[in-house]
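Input: a single structure, listed below in structure tokens.
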Amino acid sequence: MNNTETVKNSLKKRYAREKRFQLYGRMAVWTGFIFLAILLFDIITKATPAFQATEIFLDIPLDPVTLELQADTQLDEETLRAIDYAGLIKKSLRQAFPEVKKRKDKKLLYKLVSSGAEFKLRDMVINNPQLIGNKPLSLWVLADDDVDTFYKLETVTSRIKEQQIGFIDKLKQDDRIRTSFNTTFFTHSDSREPEQAGIRGALMGSFWTLLVTLLISLPVGIAAAVYLEEFAPQNKFTDFIEININNLAAVPSIVFGLLGLAVFINFFGIPRSAPLIGGLVLSLMTLPTIIISSRAALKSVPPSIKEAALGLGASHMQTVFHHVLPLAMPGILTGAIIGMAQALGETAPLLMIGMVAFIVDVPGGFLDSATVLPVQIYLWSDSPERAFTALTAATILVLLGFLAVMNAIAIYLRKHFERRW
Amino acid sequence: MKKLVLATAISVGLVANVQAAGRDTISIVGSSTVYPFATVVAEKFGKKTSYNTPKIESTGSGGGMKLFCAGVGLDTPDITNASRAIKKSEYDKCQKNGVKSITEVQIGYDGIAVANSKKSERFNLTRKDLFLALADKVPNPDGSQTLVHNPYKTWKDVNPALPNTKIEVLGPPPTSGTRDAFAELAMEGGCKKVDWIKAMKKKDKKAYKAVCHTVREDGAYIEAGENDNLIVQKLEKNPNALGIFGFSFLEQNDDKVQGSTIEGTGPEFETIADGSYPISRPLFFYVKNAHIKSIPGMKKYLQEFTSEAAMGDEGYLLDKGLIPLSQSERAALRKDVMSGKKLSM
């Protein structure tokens, strides 16, 4: 048997081996893809109801007699604030359902409307006192979350009573109930009433926190990377630092939270729950990522460019800042964006520093109490009210959207600005 | 180098500045069981008044006490929520750290439900059944006064009246206040029914507690994390399992799960309120009286929480699953809170 025959005989086997390997590879990719598809499908189906809000149409009496206002009363804010708005909404509900007489049924009737409606009405009247007059104010108000869940999903729990189902049927006949796009979800902050809960506070919290993270970790990370890569002497000590940076990148994030608690809160006295402390802790976490990716980007700039600059008389410093750093910038920014995306999805370190909390006021700066998007997801997933399940999924979608955008920007930077040598 | 020094100086200055600034938001920590109630009150308070909405962290009863008792000052919380009364050791720690004057506020009751999927039959349990099914060590089934490792595999082994299904109970981990309360109220309640173990209490309290409170670890009791929604979902998937969680979760999900009766009484609003449902516990919060003056809105918040509109017989907290105190208890409580009655132990 000569060589050609040996090869010929084994050829079939070799082809089969390659086919098998390709099949394994394809199966691996498909498994990953199927899991992703299941996850997305589950989240999207759960989230869809959250983008719709059920509203009820009310004619709210705003004549001075009902409001018990004298003709000469000044309509200043204090007077307007003191009006019993909850009572007005109850009255308009009684007018819409004149047949409801029993006290118990009336209570059920009042529960159709969200408890936030009175505050919406109050703010409307305070902002625009001209509304007070003989014409009733026609207004779509949010329905209570139990009504909302029932109307959208038609699930019957004991939270919704038979009489209430009757009321809803009547509203349906009169075209006084509808679903519309849930703007509350984007314009309001956390609330214990699902129909009034939104992600604005968490979004702003994430914004301030990430801003602090970016402002700290980007300059510090780049400076560290440039120094270590271009200027630092090669000795045992720099080796030691390098090993430590690589190790830090693999440290569980909760450890940074504990560190933040011990150093920033207990020692420096930075207030708990503020974006400042959150940003500091998250920048500790993203720093290693940024340093490592920046060093890789700096390393990939060819030595010939450096040597040419030095040969033309540029100083070491000029070479680095005029030539090497600009050429490495797309790679550095890609690393920074991926680091920030990581920081955006982090909850564990924030647990230790008080950012896992119920916070209603929208944070307006670095020192206001705040929470972030992933924490909001965590808090809602643990709430007893059924309607929060949909809100949780919807928030996950928003977070995934932000992550996708950030990663897309990173890919764009890499594709369009990175040079191949 | 100069720049570095400057940057350090600026950051130190910033930090010092932060410390000097006062706080105008009430800071609350503590139990995850009280969290759903406290947050509702905080939100109402924020909407009704011109004060900021209080910030509430859910740290667990024990974690809350630790932060609360760390001292007096703006960087410590003003109120801590607890699903059990303050312990003597915690009280002593508070005193040691200068938190001298604390007011205890009992807000109502919470029932603990033992529930299963609606696809299966409702369980009719006793506390003794629960003890025998879930304790690590149980009295020897042959009747002698010795303890053996829990031999029971099915509910029928425990009590012939119960169905012949595997013992599988999903419940909270030991860090949870719900677990503490379950061990104390349900398991110890059943444990006491065995006369010779009850007699142990007088002789050796520690051994008695170890017997009554230790949950078996052979897989029959499954720790399902602090997330009660997860337990409900798992019960739906597994009709043979039982789950342990707070009454408010049962109420929200009663199209999927049903509460077992304990000694003939089911977990319902009325039975928990009148005390006939045996596994129910009081809920509290504790106020740091030294902060009432320095934090704006504290008095108003306490007023809102203890008002009839919140914790009364038709208050909004009842919608969230809180079981109210009686009329007279509420009146007494309001007086204590407004006068800042100091807790002593």
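Lettering and numbering for the structure tokens are positional, with chains as A, B, ... in the shown order, residues counted from 1 in each chain, and ligands counted from 1 in the shown order.
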
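Using only C-alpha atoms, the residues found no farther than 8 Å from Arg84 (chain B), other than those of its own chain fewer than 2 positions away, are Ser61, Ala82, Ile86, Gly177, Ala181, Arg281, Pro282, Leu283 and Phe284 of chain B.
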
Would you save the residues from that selection as a tab-separated table (two decimals), in the first residue's frame, using N, CA, C and O atoms?
```tsv
chain	number	residue	atom	x	y	z
B	61	SER	N	-35.13	42.32	59.37
B	61	SER	CA	-35.30	42.85	60.73
B	61	SER	C	-33.96	42.99	61.45
B	61	SER	O	-33.66	44.02	62.05
B	82	ALA	N	-39.61	46.03	61.85
B	82	ALA	CA	-39.25	44.69	62.32
B	82	ALA	C	-40.47	43.79	62.29
B	82	ALA	O	-41.57	44.21	62.62
B	86	ILE	N	-38.11	43.77	69.32
B	86	ILE	CA	-36.67	43.98	69.52
B	86	ILE	C	-36.16	42.99	70.57
B	86	ILE	O	-36.86	42.68	71.54
B	177	GLY	N	-37.32	36.85	58.56
B	177	GLY	CA	-38.18	36.98	59.73
B	177	GLY	C	-39.37	36.03	59.66
B	177	GLY	O	-39.86	35.55	60.67
B	181	ALA	N	-40.57	33.42	62.54
B	181	ALA	CA	-41.93	33.39	63.06
B	181	ALA	C	-42.56	32.03	62.84
B	181	ALA	O	-43.28	31.52	63.70
B	281	ARG	N	-48.36	36.80	63.51
B	281	ARG	CA	-47.35	37.48	64.33
B	281	ARG	C	-47.57	38.99	64.28
B	281	ARG	O	-48.09	39.52	63.29
B	282	PRO	N	-47.14	39.70	65.32
B	282	PRO	CA	-47.25	41.15	65.29
B	282	PRO	C	-46.13	41.78	64.47
B	282	PRO	O	-45.04	41.22	64.36
B	283	LEU	N	-46.40	42.93	63.87
B	283	LEU	CA	-45.39	43.68	63.12
B	283	LEU	C	-45.12	45.00	63.83
B	283	LEU	O	-46.03	45.60	64.40
B	284	PHE	N	-43.87	45.45	63.78
B	284	PHE	CA	-43.49	46.65	64.53
B	284	PHE	C	-42.67	47.61	63.68
B	284	PHE	O	-42.13	47.24	62.66
```

Quick one: contact table of chain B to chain A, 6 Å max, nearest atom pair and distance in Å to one decimal per residue, counting only C-alpha atoms, chain and number order, as a Markdown table?
```
| residue | atom | partner | partner_atom | distance |
| --- | --- | --- | --- | --- |
| B:Val40 | CA | A:Arg192 | CA | 5.7 |
| B:Lys55 | CA | A:Ile359 | CA | 5.2 |
| B:Ile56 | CA | A:Phe358 | CA | 4.9 |
| B:Glu57 | CA | A:Ala357 | CA | 4.1 |
| B:Asn227 | CA | A:Asp382 | CA | 5.5 |
| B:Phe249 | CA | A:Pro384 | CA | 5.2 |
| B:Asp255 | CA | A:Thr157 | CA | 5.1 |
```

Residue selection dump (N, CA, C and O atoms) as a tab-separated table (two decimals), in the first residue's frame:
```tsv
chain	number	residue	atom	x	y	z
B	40	VAL	N	-46.06	52.14	51.43
B	40	VAL	CA	-47.35	52.75	51.08
B	40	VAL	C	-47.57	54.01	51.90
B	40	VAL	O	-47.97	55.06	51.38
B	55	LYS	N	-37.11	57.57	52.54
B	55	LYS	CA	-36.37	56.54	51.81
B	55	LYS	C	-36.41	55.26	52.64
B	55	LYS	O	-36.15	55.29	53.84
B	56	ILE	N	-36.82	54.16	52.03
B	56	ILE	CA	-36.97	52.92	52.80
B	56	ILE	C	-36.11	51.82	52.21
B	56	ILE	O	-36.26	51.46	51.06
B	57	GLU	N	-35.21	51.29	53.04
B	57	GLU	CA	-34.38	50.17	52.60
B	57	GLU	C	-34.90	48.89	53.23
B	57	GLU	O	-35.27	48.88	54.40
B	227	ASN	N	-37.75	35.50	48.05
B	227	ASN	CA	-38.74	36.01	47.11
B	227	ASN	C	-40.01	35.15	47.16
B	227	ASN	O	-40.04	34.03	46.66
B	249	PHE	N	-49.27	37.71	50.11
B	249	PHE	CA	-49.00	37.02	48.86
B	249	PHE	C	-50.10	36.00	48.56
B	249	PHE	O	-50.46	35.79	47.41
B	255	ASP	N	-56.07	32.90	43.09
B	255	ASP	CA	-56.58	32.12	41.96
B	255	ASP	C	-55.67	30.95	41.64
B	255	ASP	O	-56.05	30.04	40.93
```

### Nearest to Leu276 (chain A), chosen from A:Ile290, A:Ile353, A:Ala225, A:Ile89, with only C-alpha atoms counted in the distances
A:Ile353

### Query
Using only C-alpha atoms, which residues sit within 12 Å of Leu69 (chain A) once same-chain residues fewer than 5 positions away are excluded, as a list in words?
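Close residues of Leu69 (chain A): Leu62, Asp63, Pro64, Gln74, Leu75, Asp76, Thr79, Leu80, Ala82, Ile83, Asp84, Ile132 and Gly133 of chain A.
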
### Task
Please provide as a ChimeraX atom specification all residues within 7 Å of Ser283 (chain A), with the sequence filter that same-chain residues fewer than 6 positions apart are discarded (counting only C-alpha atoms).
/A:213,216-217

### Query
If we count only C-alpha atoms, what is near Asp195 (chain B) at a cut-off of 12 Å, once residues fewer than 6 positions away on the same chain are taken out, given as a PyMOL selection string?
chain B and resi 128+139+145+189+201+208

### Task
List the neighbours of Tyr277 (chain B) out to 8 Å using only C-alpha atoms; skip same-chain residues closer than 5 positions along the sequence, and give me the result as a ChimeraX atom specification.
/B:111,262,265-268,271-272
